[in-house]
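Next comes target12.tsv, with TSV, C-alpha atoms.
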chain	number	residue	atom	x	y	z
A	1	MET	CA	-18.82	17.27	78.16
A	2	ARG	CA	-15.22	17.25	76.93
A	3	LYS	CA	-13.79	17.99	80.37
A	4	HIS	CA	-15.95	15.23	81.83
A	5	MET	CA	-14.81	12.84	79.13
A	6	THR	CA	-11.13	13.63	79.64
A	7	LYS	CA	-11.42	12.97	83.37
A	8	LYS	CA	-13.29	9.71	82.79
A	9	LEU	CA	-10.72	8.39	80.35
A	10	LEU	CA	-7.64	9.64	82.16
A	11	GLY	CA	-5.51	6.69	83.19
A	12	LEU	CA	-7.38	4.31	80.90
A	13	MET	CA	-5.88	5.58	77.64
A	14	LEU	CA	-3.38	3.29	75.94
A	15	ALA	CA	-1.22	3.86	72.89
A	16	MET	CA	-2.06	1.80	69.83
A	17	ALA	CA	0.72	-0.73	70.14
A	18	ALA	CA	3.42	-1.05	67.55
A	19	ILE	CA	3.73	-4.83	67.56
A	20	SER	CA	6.40	-7.27	66.49
A	21	GLY	CA	5.15	-10.82	66.76
A	22	ALA	CA	3.28	-11.06	70.05
A	23	ALA	CA	5.25	-8.34	71.82
A	24	GLN	CA	3.27	-5.17	72.43
A	25	ALA	CA	4.92	-1.81	73.07
A	26	VAL	CA	2.27	-0.41	75.40
A	27	PRO	CA	2.64	1.52	78.64
A	28	ASN	CA	1.77	-0.14	81.92
A	29	ARG	CA	-1.72	-1.69	81.81
A	30	THR	CA	-3.20	-4.36	79.59
A	31	THR	CA	-4.53	-3.64	76.06
A	32	ALA	CA	-3.64	-2.76	72.62
A	33	PRO	CA	-6.33	-1.22	70.52
A	34	LEU	CA	-7.51	-3.63	66.22
A	35	ILE	CA	-9.94	-4.34	63.47
A	36	THR	CA	-11.99	-6.80	65.46
A	37	SER	CA	-15.14	-8.61	64.39
A	38	GLY	CA	-18.46	-8.83	66.17
A	39	ALA	CA	-19.83	-12.07	67.62
A	40	LEU	CA	-20.52	-15.27	65.70
A	41	PRO	CA	-21.45	-15.77	62.93
A	42	ASP	CA	-19.13	-12.83	62.23
A	43	THR	CA	-15.42	-13.71	62.40
A	44	PRO	CA	-12.07	-11.92	61.89
A	45	ALA	CA	-11.65	-13.85	58.63
A	46	ALA	CA	-14.79	-12.19	57.27
A	47	HIS	CA	-13.08	-8.79	57.60
A	48	VAL	CA	-9.93	-9.71	55.64
A	49	ASP	CA	-9.38	-7.63	52.50
A	50	PRO	CA	-8.59	-9.61	49.30
A	51	ASN	CA	-5.40	-7.59	48.66
A	52	ASN	CA	-5.96	-6.79	45.00
A	53	ALA	CA	-5.88	-3.66	42.85
A	54	ALA	CA	-9.68	-3.61	42.59
A	55	SER	CA	-10.05	-3.32	46.37
A	56	PRO	CA	-10.90	0.18	47.63
A	57	PHE	CA	-8.27	-0.50	50.32
A	58	SER	CA	-5.37	-1.22	47.93
A	59	GLY	CA	-3.61	1.92	49.17
A	60	VAL	CA	-3.76	0.95	52.85
A	61	VAL	CA	-0.24	-0.16	53.78
A	62	SER	CA	1.55	-1.86	56.63
A	63	ILE	CA	4.72	-0.22	57.94
A	64	ASN	CA	7.80	-1.89	59.40
A	65	ILE	CA	9.76	0.39	61.74
A	66	ARG	CA	13.19	-0.86	62.85
A	67	TYR	CA	15.59	0.72	65.33
A	68	ASP	CA	17.85	-0.36	68.21
A	69	GLY	CA	17.53	-3.98	67.10
A	70	LEU	CA	13.71	-3.89	67.46
A	71	SER	CA	11.04	-4.30	64.80
A	72	TYR	CA	7.51	-2.91	64.92
A	73	ILE	CA	4.37	-2.85	62.79
A	74	CYS	CA	1.99	0.04	62.11
A	75	SER	CA	-0.51	0.90	59.39
A	76	GLY	CA	-0.92	3.86	57.05
A	77	ALA	CA	-2.58	5.29	53.95
A	78	LEU	CA	-1.04	6.34	50.64
A	79	VAL	CA	-1.90	10.00	49.88
A	80	GLY	CA	0.57	10.69	47.06
A	81	LYS	CA	2.88	8.75	44.77
A	82	ARG	CA	5.53	8.84	47.49
A	83	GLN	CA	3.66	9.98	50.61
A	84	VAL	CA	2.08	7.92	53.39
A	85	VAL	CA	0.17	9.26	56.41
A	86	SER	CA	0.56	7.33	59.67
A	87	ALA	CA	0.90	7.93	63.43
A	88	GLY	CA	3.64	9.95	65.08
A	89	HIS	CA	4.14	7.42	67.88
A	90	CYS	CA	5.01	4.78	65.27
A	91	VAL	CA	8.24	6.63	64.46
A	92	ASP	CA	8.91	7.91	67.99
A	93	THR	CA	11.84	5.98	69.46
A	94	ASN	CA	11.58	7.03	73.13
A	95	GLY	CA	7.93	7.90	73.75
A	96	LYS	CA	8.83	11.58	74.06
A	97	GLY	CA	8.65	12.64	70.44
A	98	SER	CA	12.15	11.58	69.38
A	99	LEU	CA	11.91	10.99	65.62
A	100	ILE	CA	13.66	7.89	64.25
A	101	ASP	CA	17.04	8.73	62.73
A	102	LEU	CA	17.12	7.10	59.30
A	103	ASN	CA	20.85	7.77	59.01
A	104	LYS	CA	21.69	5.62	62.02
A	105	PRO	CA	22.91	2.13	61.04
A	106	GLY	CA	20.20	-0.47	61.55
A	107	ASN	CA	17.39	2.08	61.47
A	108	ASP	CA	14.83	2.15	58.69
A	109	VAL	CA	11.14	2.52	57.91
A	110	ARG	CA	9.74	0.23	55.22
A	111	VAL	CA	6.28	0.51	53.67
A	112	VAL	CA	4.67	-2.79	52.66
A	113	PHE	CA	2.11	-2.64	49.83
A	114	ASN	CA	-0.65	-5.19	49.36
A	115	ALA	CA	-2.33	-4.17	46.14
A	116	SER	CA	-1.85	-7.76	44.96
A	117	SER	CA	-1.85	-11.20	46.55
A	118	THR	CA	0.41	-12.72	43.88
A	119	PRO	CA	4.02	-13.30	45.03
A	120	GLY	CA	6.46	-11.24	42.99
A	121	ASP	CA	3.78	-8.84	41.74
A	122	PRO	CA	4.81	-5.14	41.83
A	123	GLY	CA	1.67	-4.50	43.90
A	124	ARG	CA	3.39	-6.30	46.81
A	125	ALA	CA	6.43	-4.03	46.81
A	126	VAL	CA	8.30	-3.16	50.00
A	127	VAL	CA	9.59	0.41	49.68
A	128	THR	CA	12.09	1.98	52.08
A	129	ALA	CA	11.41	5.52	53.28
A	130	SER	CA	13.82	8.29	52.34
A	131	LYS	CA	12.33	10.74	54.85
A	132	VAL	CA	10.07	10.65	57.91
A	133	GLN	CA	8.35	13.66	59.50
A	134	MET	CA	6.43	14.01	62.75
A	135	ASN	CA	3.89	16.71	63.55
A	136	PRO	CA	5.89	19.44	65.35
A	137	ASN	CA	3.41	19.61	68.25
A	138	TYR	CA	3.67	15.89	69.01
A	139	ALA	CA	5.76	15.37	72.16
A	140	GLY	CA	5.11	11.70	72.84
A	141	PHE	CA	1.96	9.72	73.59
A	142	GLY	CA	0.06	11.18	76.53
A	143	ASN	CA	2.33	14.20	76.90
A	144	CYS	CA	0.59	17.58	77.02
A	145	PRO	CA	1.94	21.00	76.06
A	146	ALA	CA	3.60	23.08	78.79
A	147	GLY	CA	1.01	24.49	81.14
A	148	VAL	CA	-1.72	22.02	80.10
A	149	SER	CA	-2.62	19.25	82.52
A	150	GLY	CA	-4.08	15.90	81.55
A	151	PHE	CA	-3.31	13.01	79.22
A	152	CYS	CA	-2.95	14.28	75.66
A	153	VAL	CA	-3.14	12.10	72.56
A	154	ASN	CA	-3.33	15.05	70.14
A	155	ASP	CA	-1.00	15.77	67.21
A	156	ASP	CA	-0.08	12.08	66.78
A	157	LEU	CA	0.67	12.28	63.06
A	158	ALA	CA	3.56	11.34	60.79
A	159	VAL	CA	4.25	11.64	57.08
A	160	ILE	CA	6.50	9.04	55.49
A	161	THR	CA	8.18	9.85	52.16
A	162	LEU	CA	9.06	6.85	50.00
A	163	GLY	CA	12.40	6.45	48.24
A	164	GLN	CA	10.59	5.55	45.01
A	165	ASP	CA	7.07	5.76	43.59
A	166	ALA	CA	4.42	3.50	45.08
A	167	PRO	CA	3.10	0.66	42.90
A	168	ALA	CA	0.74	1.98	40.24
A	169	SER	CA	-1.92	-0.48	41.41
A	170	ALA	CA	-2.07	1.05	44.91
A	171	LYS	CA	-4.87	3.56	45.38
A	172	ILE	CA	-3.95	7.11	46.36
A	173	TYR	CA	-6.45	8.59	48.82
A	174	LYS	CA	-7.75	12.13	48.90
A	175	LEU	CA	-8.44	13.91	52.18
A	176	ALA	CA	-11.93	14.97	53.18
A	177	GLY	CA	-12.14	18.74	53.48
A	178	GLN	CA	-14.94	18.73	56.06
A	179	GLN	CA	-14.76	18.42	59.82
A	180	LEU	CA	-15.58	14.98	61.24
A	181	GLN	CA	-18.91	15.05	63.09
A	182	ALA	CA	-20.36	12.94	65.90
A	183	ASN	CA	-22.63	10.08	64.73
A	184	THR	CA	-20.66	9.76	61.48
A	185	ARG	CA	-20.11	6.21	60.21
A	186	ILE	CA	-16.42	5.61	59.55
A	187	ILE	CA	-14.71	2.78	57.67
A	188	MET	CA	-11.43	1.63	59.24
A	189	ALA	CA	-8.59	-0.45	57.82
A	190	GLY	CA	-5.33	-1.80	59.20
A	191	TYR	CA	-2.98	-4.71	59.83
A	192	GLY	CA	-3.24	-5.00	63.60
A	193	THR	CA	-4.18	-7.53	66.22
A	194	SER	CA	-7.60	-9.08	65.69
A	195	GLY	CA	-10.22	-11.20	67.41
A	196	ASP	CA	-13.90	-10.83	68.18
A	197	GLY	CA	-16.22	-9.03	70.55
A	198	ILE	CA	-16.57	-12.00	72.90
A	199	LYS	CA	-13.04	-13.41	73.28
A	200	GLY	CA	-11.17	-10.19	72.54
A	201	TYR	CA	-7.74	-10.25	70.92
A	202	THR	CA	-6.70	-13.70	69.71
A	203	ILE	CA	-4.91	-13.08	66.38
A	204	SER	CA	-1.47	-11.49	65.94
A	205	PRO	CA	-0.84	-8.67	63.44
A	206	ASP	CA	0.53	-9.49	60.01
A	207	PHE	CA	2.22	-7.27	57.41
A	208	ARG	CA	0.26	-9.02	54.67
A	209	VAL	CA	-3.17	-9.41	56.31
A	210	LYS	CA	-5.34	-6.30	56.12
A	211	ARG	CA	-8.75	-6.11	57.80
A	212	THR	CA	-11.56	-3.60	57.54
A	213	GLY	CA	-14.46	-2.69	59.80
A	214	GLN	CA	-16.79	0.14	60.72
A	215	ASN	CA	-17.94	2.15	63.69
A	216	VAL	CA	-19.74	5.38	64.58
A	217	VAL	CA	-17.91	8.39	66.03
A	218	ASP	CA	-19.11	9.30	69.53
A	219	LEU	CA	-17.25	12.38	70.77
A	220	PHE	CA	-14.11	14.50	70.58
A	221	ASP	CA	-11.28	16.29	72.36
A	222	ALA	CA	-10.36	19.76	71.14
A	223	ASP	CA	-6.96	21.42	70.65
A	224	ASP	CA	-4.62	20.67	73.56
A	225	GLU	CA	-2.47	23.71	72.73
A	226	GLN	CA	-5.59	25.80	73.45
A	227	GLY	CA	-6.37	24.05	76.72
A	228	PHE	CA	-8.86	21.72	74.99
A	229	ASN	CA	-10.72	24.57	73.32
A	230	GLY	CA	-10.93	25.41	69.63
A	231	PRO	CA	-11.19	22.85	66.82
A	232	ASN	CA	-11.56	19.13	67.44
A	233	GLU	CA	-8.32	17.17	67.10
A	234	VAL	CA	-9.12	13.75	68.62
A	235	TRP	CA	-12.09	11.44	68.01
A	236	TYR	CA	-13.49	8.59	70.13
A	237	ALA	CA	-15.75	5.61	69.48
A	238	ASP	CA	-16.71	2.51	71.47
A	239	PHE	CA	-17.07	-1.11	70.38
A	240	ASP	CA	-20.78	-1.75	70.99
A	241	GLY	CA	-22.31	-5.18	71.38
A	242	ASN	CA	-23.36	-7.92	73.79
A	243	GLY	CA	-25.14	-5.35	75.95
A	244	HIS	CA	-22.19	-2.95	76.08
A	245	ASP	CA	-22.37	0.71	74.98
A	246	THR	CA	-19.61	2.20	77.10
A	247	PHE	CA	-19.86	5.91	76.34
A	248	CYS	CA	-23.63	5.81	76.68
A	249	GLU	CA	-23.31	4.03	80.02
A	250	TRP	CA	-20.89	6.73	81.15
A	251	GLY	CA	-23.38	9.42	80.15
A	252	LEU	CA	-21.10	10.85	77.47
A	253	ALA	CA	-22.68	9.91	74.12
A	254	CYS	CA	-25.24	7.42	72.85
A	255	SER	CA	-24.62	6.85	69.14
A	256	ALA	CA	-26.01	4.24	66.78
A	257	GLN	CA	-24.79	0.65	66.95
A	258	LEU	CA	-23.95	-0.91	63.59
A	259	PRO	CA	-24.96	-4.46	62.57
A	260	ASN	CA	-22.93	-7.26	64.17
A	261	ASP	CA	-20.94	-7.95	60.98
A	262	ARG	CA	-19.90	-4.28	60.64
A	263	GLU	CA	-19.36	-2.95	64.16
A	264	SER	CA	-15.62	-3.25	64.83
A	265	GLY	CA	-12.80	-2.14	67.10
A	266	ILE	CA	-9.09	-1.68	66.42
A	267	GLY	CA	-5.94	-3.27	67.83
A	268	GLY	CA	-2.18	-3.13	68.20
A	269	GLY	CA	-0.57	-2.58	64.80
A	270	ASP	CA	-3.56	-0.62	63.48
A	271	SER	CA	-1.81	2.55	64.68
A	272	GLY	CA	-1.69	5.13	61.91
A	273	GLY	CA	-4.25	3.25	59.86
A	274	PRO	CA	-6.98	5.19	58.08
A	275	SER	CA	-10.59	5.95	58.89
A	276	PHE	CA	-12.61	6.88	55.81
A	277	ILE	CA	-15.97	8.36	54.96
A	278	GLU	CA	-17.80	7.65	51.71
A	279	GLN	CA	-18.57	10.61	49.47
A	280	SER	CA	-19.93	10.27	45.93
A	281	GLY	CA	-18.88	6.61	45.90
A	282	GLU	CA	-15.29	7.39	46.90
A	283	LEU	CA	-13.41	6.70	50.12
A	284	LEU	CA	-12.00	9.92	51.57
A	285	LEU	CA	-9.45	9.90	54.38
A	286	ILE	CA	-10.88	11.85	57.33
A	287	ALA	CA	-9.05	10.49	60.39
A	288	THR	CA	-6.35	8.13	61.63
A	289	ASN	CA	-6.56	5.42	64.29
A	290	THR	CA	-4.04	5.73	67.12
A	291	PHE	CA	-5.16	4.59	70.58
A	292	GLY	CA	-7.58	2.51	72.61
A	293	GLY	CA	-8.52	1.56	76.13
A	294	THR	CA	-10.19	-1.13	78.20
A	295	PRO	CA	-12.61	-0.30	81.04
A	296	ASP	CA	-12.42	-2.39	84.21
A	297	GLY	CA	-14.05	-5.80	83.85
A	298	ILE	CA	-13.80	-5.85	80.04
A	299	ILE	CA	-11.58	-8.24	78.07
A	300	SER	CA	-9.00	-6.47	75.91
A	301	GLY	CA	-10.39	-6.04	72.41
A	302	ALA	CA	-13.90	-7.24	73.31
A	303	PHE	CA	-17.23	-5.44	73.26
A	304	GLY	CA	-17.13	-2.47	75.63
A	305	THR	CA	-13.61	-1.32	74.75
A	306	TYR	CA	-13.09	2.10	73.19
A	307	PHE	CA	-10.62	3.66	70.81
A	308	GLY	CA	-9.99	6.67	68.61
A	309	GLY	CA	-7.46	8.72	66.76
A	310	ILE	CA	-6.66	11.99	65.06
A	311	VAL	CA	-9.18	14.19	63.23
A	312	LEU	CA	-7.35	15.27	60.07
A	313	HIS	CA	-9.34	18.44	59.37
A	314	SER	CA	-7.35	20.29	62.04
A	315	TYR	CA	-4.09	19.23	60.38
A	316	LEU	CA	-4.83	19.83	56.69
A	317	ASP	CA	-2.27	22.65	56.40
A	318	TYR	CA	0.37	20.49	58.08
A	319	LEU	CA	-0.34	17.54	55.78
A	320	VAL	CA	-0.28	19.68	52.64
A	321	GLY	CA	3.08	21.13	53.70
A	322	ALA	CA	4.61	17.85	54.87
A	323	THR	CA	3.69	16.12	51.61
A	324	GLY	CA	5.03	19.00	49.51
A	325	GLY	CA	1.53	19.67	48.21
A	326	ALA	CA	1.10	16.09	47.00
A	327	VAL	CA	-2.02	15.43	49.06
A	328	GLN	CA	-5.34	16.41	47.49
A	329	VAL	CA	-8.09	17.85	49.70
A	330	VAL	CA	-11.70	17.45	48.53
A	331	PRO	CA	-13.88	20.44	49.52
A	332	GLU	CA	-16.80	19.67	51.78
A	333	PRO	CA	-20.06	19.13	49.88
A	334	ALA	CA	-21.61	22.44	51.04
A	335	SER	CA	-18.65	24.35	49.60
A	336	ILE	CA	-19.06	22.56	46.29
A	337	VAL	CA	-22.74	23.54	46.19
A	338	VAL	CA	-21.96	27.18	46.98
A	339	PHE	CA	-19.29	27.20	44.29
A	340	ALA	CA	-21.73	25.68	41.78
A	341	LEU	CA	-24.36	28.28	42.67
A	342	GLY	CA	-21.73	30.95	42.21
A	343	LEU	CA	-20.99	29.67	38.71
A	344	LEU	CA	-24.69	29.53	37.96
A	345	ALA	CA	-25.13	33.14	39.09
A	346	LEU	CA	-22.14	34.18	36.99
A	347	ALA	CA	-23.57	32.44	33.92
A	348	SER	CA	-26.94	34.10	34.50
A	349	MET	CA	-25.28	37.51	34.80
A	350	ARG	CA	-23.41	36.93	31.55
A	351	ARG	CA	-26.67	36.08	29.78
A	352	ARG	CA	-28.27	39.28	31.05
A	353	VAL	CA	-25.24	41.30	29.88
A	354	ARG	CA	-25.51	39.74	26.43
A	355	GLN	CA	-29.21	40.48	26.28
A	356	ARG	CA	-28.52	44.13	26.96

I'd like the structure from this file rewritten - as structure tokens, please.
Amino acid sequence: MRKHMTKKLLGLMLAMAAISGAAQAVPNRTTAPLITSGALPDTPAAHVDPNNAASPFSGVVSINIRYDGLSYICSGALVGKRQVVSAGHCVDTNGKGSLIDLNKPGNDVRVVFNASSTPGDPGRAVVTASKVQMNPNYAGFGNCPAGVSGFCVNDDLAVITLGQDAPASAKIYKLAGQQLQANTRIIMAGYGTSGDGIKGYTISPDFRVKRTGQNVVDLFDADDEQGFNGPNEVWYADFDGNGHDTFCEWGLACSAQLPNDRESGIGGGDSGGPSFIEQSGELLLIATNTFGGTPDGIISGAFGTYFGGIVLHSYLDYLVGATGGAVQVVPEPASIVVFALGLLALASMRRRVRQR
């Protein structure tokens, strides 16, 4: 299935655009994957987050990357007091894995917080990065390791270290310790291009306007360094609606379609933004959003488009190291149960020892 999927998508894949105004930094064809809405009565406005400390998305940030006189927007998630996870291609200056040089005059990476909507509030701080890291296996969007053929979107991760602590009102997200599975409902957030499932992209990205939406994971690509074997590193989903279920039509995967006011896609500027799962009432970061594509005959951003990103489970060791241990990983529920049973058995053994 994975080989079939890779062939089907080859040539259609597009980087999640880093956008400044209406300009989109995308290769060749049309598109730029967003948090889009469904069809009326759902609208992009209905997906806008209130930007306050009480919001579960108060730690979802926009990112302004500036180099060579250009300015771009991406999204990210706060995972420590000074650490933000985003996409590697957001801080790649030549499309070949060249990390932005923060020491070069005119270059900087600024993280924009929206944990408040009140001008002047500390929750709206703009904090300049003191350090930026890119996953060492990332060699540019679409570039595969030596000896591996195809179009690789793996390893597209970056960790941004802030020059000062994030606002106290911004939520710090924990990472899910379990592997992302097909048919899982994910909750996405970002600052990218928006629109709806009928007209496609109609609204430009904004550093202060955050949208949220949901989808269901369809399928995966495995480790490109292992010739697409081993653990899953890349996830895919399609934007279902108006009679379109792209991956099902292609014979790849037929997952559930969410209600019209929840089913969403992503767009340019959502690159690096988070995908969450809910566990015990808490949002856990399980993936990032990094790319999208448009099949022939489909309007960019409309129903029938597809998108995806990076599965973080395969990169937990990298993220722990790159954040200096700041990121917290929540064990998968089964592990918690086993641990609890272990404690129970230990307590029982102690009681028996005492009885003797």

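Only residues having an atom at most 6 Å from (-4.0, -0.6, 56.5) are included; using all atoms listed in the file, these are Val60, Val61, Ser62, Ser75, Gly76, Ala189, Gly190, Tyr191, Lys210 and Gly273 of chain A.
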
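CA of Asp238 (chain A) is positioned 26.3 Å from CA of Leu78 (chain A).
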
- Rounded to one decimal place, report the CA of Val127 (chain A)-CA of Val109 (chain A) distance in Å. 8.6 Å

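Reported to one decimal place, the separation of CA of Ile286 (chain A) from CA of Ala158 (chain A) is 14.9 Å.
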
- Name all residues at most 6 Å from region 82-91 of chain A (count all atoms listed in the file; drop same-chain ones fewer than 5 positions away) and give them as a PyMOL selection string. chain A and resi 76-77+99-100+134+156-162+165-166+272

So that I can see what lies close to Tyr306 (chain A), please list as a compact mmCIF listing (two decimals) with C-alpha atoms, in the coordinates of the input the residues with an atom at most 10 Å from it, counting all atoms listed in the file and leaving out residues fewer than 2 positions away in the same chain.
# COMPACT_ATOMS: atom_id res chain seq x y z
CA LEU A 9 -10.72 8.39 80.35
CA LEU A 12 -7.38 4.31 80.90
CA MET A 13 -5.88 5.58 77.64
CA PRO A 33 -6.33 -1.22 70.52
CA TYR A 236 -13.49 8.59 70.13
CA ALA A 237 -15.75 5.61 69.48
CA ASP A 238 -16.71 2.51 71.47
CA PHE A 239 -17.07 -1.11 70.38
CA ASP A 240 -20.78 -1.75 70.99
CA ASP A 245 -22.37 0.71 74.98
CA THR A 246 -19.61 2.20 77.10
CA PHE A 247 -19.86 5.91 76.34
CA GLY A 265 -12.80 -2.14 67.10
CA ILE A 266 -9.09 -1.68 66.42
CA PHE A 291 -5.16 4.59 70.58
CA GLY A 292 -7.58 2.51 72.61
CA GLY A 293 -8.52 1.56 76.13
CA THR A 294 -10.19 -1.13 78.20
CA PRO A 295 -12.61 -0.30 81.04
CA SER A 300 -9.00 -6.47 75.91
CA GLY A 301 -10.39 -6.04 72.41
CA ALA A 302 -13.90 -7.24 73.31
CA PHE A 303 -17.23 -5.44 73.26
CA GLY A 304 -17.13 -2.47 75.63
CA GLY A 308 -9.99 6.67 68.61

- Message: Nearest residue to Ile65 (chain A) out of A:Pro333, A:Gly97, A:Gly106, A:Pro50, using all atoms listed in the file?
- Response: A:Gly106
